[in-house]
Amino acid sequence: LSADAINLRIKKLQQRGVITGFTVEIDHVKLNQYHYKILLYLNQLSTSKIAPLLNKIRNFNRTTAIIQTLANWDYEFDIEIENLHQMKQFLMELTTDYSEIIRDYQIVRIVNMAKYTFFLPDVK
């Protein structure tokens, strides 16, 4: 198929709602960035108390994801940073500003992200 035909098919699939979005997969190592997951253990689980904490994390320009968990920790968030100083400074601010909420945290460096295939291969 020509590039124009492919482009037209993609546009039609978007209009029908079959394609709802696109993602970009970035190789952060080539950008000299490091991926960390921060696991938060909280004291107070009141929504009104947690909201400002989550907003602070969300507004940190290095945050890529925030997840409420059913694990031993309450929330986890992912950050992409260029150096450890950025992370240490942000975590110091968080633990100082929200010391009544944050009981503890753990830092996990992500060196490789697994890719999942949710479809079984054809069986012959």
# chains A, B, ... in the order shown; residues from 1 in each chain; ligands from 1

call {"tool": "closest_atom_pairs", "arguments": {"of": "stretch 12-43 of chain A", "to": "stretch 73-96 of chain A", "cutoff": "12 Å", "atoms": "only C-alpha atoms", "output": "CSV"}}
result
residue,atom,partner,partner_atom,distance
A:Ile26,CA,A:Glu80,CA,11.0
A:Asp27,CA,A:Glu80,CA,11.1
A:His28,CA,A:Glu80,CA,7.8
A:Val29,CA,A:Glu82,CA,9.7
A:Lys30,CA,A:Glu82,CA,11.2
A:Leu31,CA,A:Glu82,CA,8.4
A:Asn32,CA,A:Glu82,CA,6.0
A:Gln33,CA,A:Glu82,CA,4.5
A:Tyr34,CA,A:Ile81,CA,5.2
A:His35,CA,A:Glu80,CA,4.6
A:Tyr36,CA,A:Ile79,CA,5.4
A:Lys37,CA,A:Asp78,CA,4.4
A:Ile38,CA,A:Phe77,CA,5.4
A:Leu39,CA,A:Glu76,CA,4.5
A:Leu40,CA,A:Tyr75,CA,5.2
A:Tyr41,CA,A:Trp73,CA,4.7
A:Leu42,CA,A:Asp74,CA,6.3
A:Asn43,CA,A:Asp74,CA,9.5

call {"tool": "write_last_selection", "arguments": {"atoms": "N, CA and C atoms", "output": "PDB file, in the first residue's frame"}}
result
ATOM      1  N   ILE A  26       9.832   5.638  24.517  1.00  0.00           N
ATOM      2  CA  ILE A  26      11.087   6.379  24.517  1.00  0.00           C
ATOM      3  C   ILE A  26      12.169   5.545  25.184  1.00  0.00           C
ATOM      4  N   ASP A  27      13.344   5.511  24.583  1.00  0.00           N
ATOM      5  CA  ASP A  27      14.498   4.855  25.199  1.00  0.00           C
ATOM      6  C   ASP A  27      15.176   5.897  26.086  1.00  0.00           C
ATOM      7  N   HIS A  28      14.826   5.878  27.378  1.00  0.00           N
ATOM      8  CA  HIS A  28      15.325   6.900  28.307  1.00  0.00           C
ATOM      9  C   HIS A  28      16.825   6.808  28.549  1.00  0.00           C
ATOM     10  N   VAL A  29      17.402   5.643  28.372  1.00  0.00           N
ATOM     11  CA  VAL A  29      18.846   5.488  28.545  1.00  0.00           C
ATOM     12  C   VAL A  29      19.586   6.345  27.527  1.00  0.00           C
ATOM     13  N   LYS A  30      19.083   6.388  26.292  1.00  0.00           N
ATOM     14  CA  LYS A  30      19.713   7.208  25.258  1.00  0.00           C
ATOM     15  C   LYS A  30      19.581   8.698  25.563  1.00  0.00           C
ATOM     16  N   LEU A  31      18.616   9.051  26.399  1.00  0.00           N
ATOM     17  CA  LEU A  31      18.435  10.445  26.806  1.00  0.00           C
ATOM     18  C   LEU A  31      19.119  10.739  28.141  1.00  0.00           C
ATOM     19  N   ASN A  32      19.892   9.774  28.624  1.00  0.00           N
ATOM     20  CA  ASN A  32      20.557   9.889  29.933  1.00  0.00           C
ATOM     21  C   ASN A  32      19.557  10.138  31.054  1.00  0.00           C
ATOM     22  N   GLN A  33      18.453   9.400  31.020  1.00  0.00           N
ATOM     23  CA  GLN A  33      17.450   9.490  32.071  1.00  0.00           C
ATOM     24  C   GLN A  33      17.313   8.135  32.738  1.00  0.00           C
ATOM     25  N   TYR A  34      16.949   8.174  34.010  1.00  0.00           N
ATOM     26  CA  TYR A  34      16.795   6.956  34.793  1.00  0.00           C
ATOM     27  C   TYR A  34      15.359   6.855  35.277  1.00  0.00           C
ATOM     28  N   HIS A  35      14.832   5.644  35.256  1.00  0.00           N
ATOM     29  CA  HIS A  35      13.446   5.390  35.632  1.00  0.00           C
ATOM     30  C   HIS A  35      13.422   4.818  37.042  1.00  0.00           C
ATOM     31  N   TYR A  36      12.668   5.477  37.928  1.00  0.00           N
ATOM     32  CA  TYR A  36      12.493   5.009  39.294  1.00  0.00           C
ATOM     33  C   TYR A  36      11.017   4.906  39.617  1.00  0.00           C
ATOM     34  N   LYS A  37      10.696   3.943  40.458  1.00  0.00           N
ATOM     35  CA  LYS A  37       9.350   3.785  41.000  1.00  0.00           C
ATOM     36  C   LYS A  37       9.466   4.060  42.497  1.00  0.00           C
ATOM     37  N   ILE A  38       8.621   4.949  42.996  1.00  0.00           N
ATOM     38  CA  ILE A  38       8.599   5.282  44.416  1.00  0.00           C
ATOM     39  C   ILE A  38       7.345   4.659  45.012  1.00  0.00           C
ATOM     40  N   LEU A  39       7.527   3.831  46.039  1.00  0.00           N
ATOM     41  CA  LEU A  39       6.407   3.181  46.724  1.00  0.00           C
ATOM     42  C   LEU A  39       6.121   3.960  47.993  1.00  0.00           C
ATOM     43  N   LEU A  40       4.894   4.463  48.137  1.00  0.00           N
ATOM     44  CA  LEU A  40       4.523   5.285  49.292  1.00  0.00           C
ATOM     45  C   LEU A  40       3.661   4.498  50.279  1.00  0.00           C
ATOM     46  N   TYR A  41       4.056   4.534  51.535  1.00  0.00           N
ATOM     47  CA  TYR A  41       3.286   3.970  52.637  1.00  0.00           C
ATOM     48  C   TYR A  41       2.725   5.163  53.405  1.00  0.00           C
ATOM     49  N   LEU A  42       1.406   5.247  53.513  1.00  0.00           N
ATOM     50  CA  LEU A  42       0.777   6.429  54.103  1.00  0.00           C
ATOM     51  C   LEU A  42       0.173   6.131  55.470  1.00  0.00           C
ATOM     52  N   ASN A  43       0.144   7.158  56.306  1.00  0.00           N
ATOM     53  CA  ASN A  43      -0.508   7.071  57.615  1.00  0.00           C
ATOM     54  C   ASN A  43      -2.002   7.310  57.496  1.00  0.00           C
TER      55      ASN A  43
END

call {"tool": "select_by_dssp", "arguments": {"residues": "chain A", "states": "helix (DSSP H, G or I)", "output": "number ranges by chain"}}
result
A: 3-15, 47-59, 84-97

call {"tool": "write_last_selection", "arguments": {"atoms": "N, CA and C atoms", "output": "compact mmCIF listing (two decimals), in the first residue's frame"}}
result
# COMPACT_ATOMS: atom_id res chain seq x y z
N ALA A 3 1.78 5.16 1.09
CA ALA A 3 1.70 5.89 2.36
C ALA A 3 0.37 6.62 2.47
N ASP A 4 -0.14 7.17 1.37
CA ASP A 4 -1.43 7.88 1.39
C ASP A 4 -2.58 6.93 1.72
N ALA A 5 -2.55 5.72 1.16
CA ALA A 5 -3.61 4.74 1.44
C ALA A 5 -3.59 4.32 2.91
N ILE A 6 -2.41 4.12 3.45
CA ILE A 6 -2.29 3.76 4.87
C ILE A 6 -2.80 4.90 5.75
N ASN A 7 -2.41 6.12 5.42
CA ASN A 7 -2.85 7.30 6.16
C ASN A 7 -4.37 7.42 6.15
N LEU A 8 -4.98 7.20 5.00
CA LEU A 8 -6.44 7.26 4.87
C LEU A 8 -7.11 6.18 5.73
N ARG A 9 -6.57 4.97 5.72
CA ARG A 9 -7.13 3.89 6.53
C ARG A 9 -7.04 4.21 8.02
N ILE A 10 -5.92 4.75 8.44
CA ILE A 10 -5.76 5.12 9.86
C ILE A 10 -6.77 6.19 10.23
N LYS A 11 -6.96 7.20 9.40
CA LYS A 11 -7.92 8.27 9.68
C LYS A 11 -9.35 7.71 9.79
N LYS A 12 -9.69 6.79 8.90
CA LYS A 12 -11.03 6.18 8.97
C LYS A 12 -11.21 5.38 10.25
N LEU A 13 -10.19 4.64 10.64
CA LEU A 13 -10.26 3.87 11.90
C LEU A 13 -10.38 4.80 13.11
N GLN A 14 -9.74 5.94 13.06
CA GLN A 14 -9.87 6.93 14.13
C GLN A 14 -11.29 7.48 14.17
N GLN A 15 -11.83 7.82 13.02
CA GLN A 15 -13.19 8.37 12.95
C GLN A 15 -14.21 7.38 13.48
N THR A 47 -9.26 10.92 51.78
CA THR A 47 -9.13 11.49 50.44
C THR A 47 -8.76 12.96 50.48
N SER A 48 -9.35 13.70 51.39
CA SER A 48 -9.07 15.13 51.46
C SER A 48 -7.63 15.40 51.90
N LYS A 49 -7.05 14.52 52.70
CA LYS A 49 -5.67 14.67 53.15
C LYS A 49 -4.69 14.26 52.05
N ILE A 50 -5.06 13.25 51.27
CA ILE A 50 -4.17 12.70 50.25
C ILE A 50 -4.14 13.57 48.99
N ALA A 51 -5.21 14.24 48.66
CA ALA A 51 -5.32 15.01 47.41
C ALA A 51 -4.16 15.99 47.19
N PRO A 52 -3.80 16.81 48.20
CA PRO A 52 -2.68 17.74 47.96
C PRO A 52 -1.35 17.02 47.70
N LEU A 53 -1.13 15.90 48.36
CA LEU A 53 0.07 15.10 48.13
C LEU A 53 0.11 14.60 46.69
N LEU A 54 -1.00 14.03 46.22
CA LEU A 54 -1.07 13.52 44.86
C LEU A 54 -0.92 14.64 43.83
N ASN A 55 -1.48 15.81 44.13
CA ASN A 55 -1.32 16.95 43.22
C ASN A 55 0.13 17.38 43.12
N LYS A 56 0.83 17.37 44.25
CA LYS A 56 2.26 17.74 44.24
C LYS A 56 3.04 16.74 43.38
N ILE A 57 2.76 15.45 43.54
CA ILE A 57 3.44 14.43 42.74
C ILE A 57 3.09 14.60 41.27
N ARG A 58 1.81 14.82 40.98
CA ARG A 58 1.34 14.98 39.59
C ARG A 58 2.00 16.19 38.93
N ASN A 59 2.21 17.26 39.68
CA ASN A 59 2.77 18.49 39.13
C ASN A 59 4.29 18.47 39.01
N LEU A 84 20.47 11.71 40.40
CA LEU A 84 19.89 11.36 41.70
C LEU A 84 19.56 12.59 42.54
N HIS A 85 20.26 13.67 42.30
CA HIS A 85 19.98 14.89 43.06
C HIS A 85 18.53 15.36 42.85
N GLN A 86 18.03 15.26 41.62
CA GLN A 86 16.64 15.64 41.35
C GLN A 86 15.67 14.83 42.20
N MET A 87 15.90 13.52 42.25
CA MET A 87 15.00 12.66 43.02
C MET A 87 15.13 12.94 44.52
N LYS A 88 16.34 13.04 45.01
CA LYS A 88 16.54 13.29 46.44
C LYS A 88 15.89 14.60 46.87
N GLN A 89 16.05 15.63 46.06
CA GLN A 89 15.47 16.93 46.38
C GLN A 89 13.94 16.84 46.42
N PHE A 90 13.35 16.18 45.44
CA PHE A 90 11.89 16.06 45.40
C PHE A 90 11.37 15.23 46.58
N LEU A 91 12.03 14.13 46.89
CA LEU A 91 11.59 13.29 48.01
C LEU A 91 11.76 14.01 49.36
N MET A 92 12.79 14.83 49.48
CA MET A 92 12.96 15.63 50.71
C MET A 92 11.80 16.61 50.86
N GLU A 93 11.41 17.27 49.77
CA GLU A 93 10.27 18.18 49.80
C GLU A 93 8.98 17.44 50.18
N LEU A 94 8.75 16.30 49.53
CA LEU A 94 7.55 15.51 49.81
C LEU A 94 7.48 15.09 51.27
N THR A 95 8.56 14.51 51.77
CA THR A 95 8.53 13.99 53.14
C THR A 95 8.49 15.11 54.17
N THR A 96 8.99 16.27 53.83
CA THR A 96 8.92 17.41 54.74
C THR A 96 7.51 18.02 54.72
N ASP A 97 6.99 18.29 53.53
CA ASP A 97 5.68 18.93 53.40
C ASP A 97 4.53 18.02 53.82

call {"tool": "select_by_dssp", "arguments": {"residues": "chain A", "states": "strand (DSSP E or B)", "output": "VMD selection string"}}
result
chain A and resid 34 to 42 63 to 68 75 to 81 102 to 110

call {"tool": "closest_residue", "arguments": {"among": "A:Thr63, A:Gln44, A:Thr23, A:Thr69", "to": "A:Ile102", "atoms": "only C-alpha atoms"}}
result
A:Gln44

call {"tool": "atom_distance", "arguments": {"atom1": "atom CA of A:Arg62", "atom2": "atom CA of A:Ile19"}}
result
27.9 Å
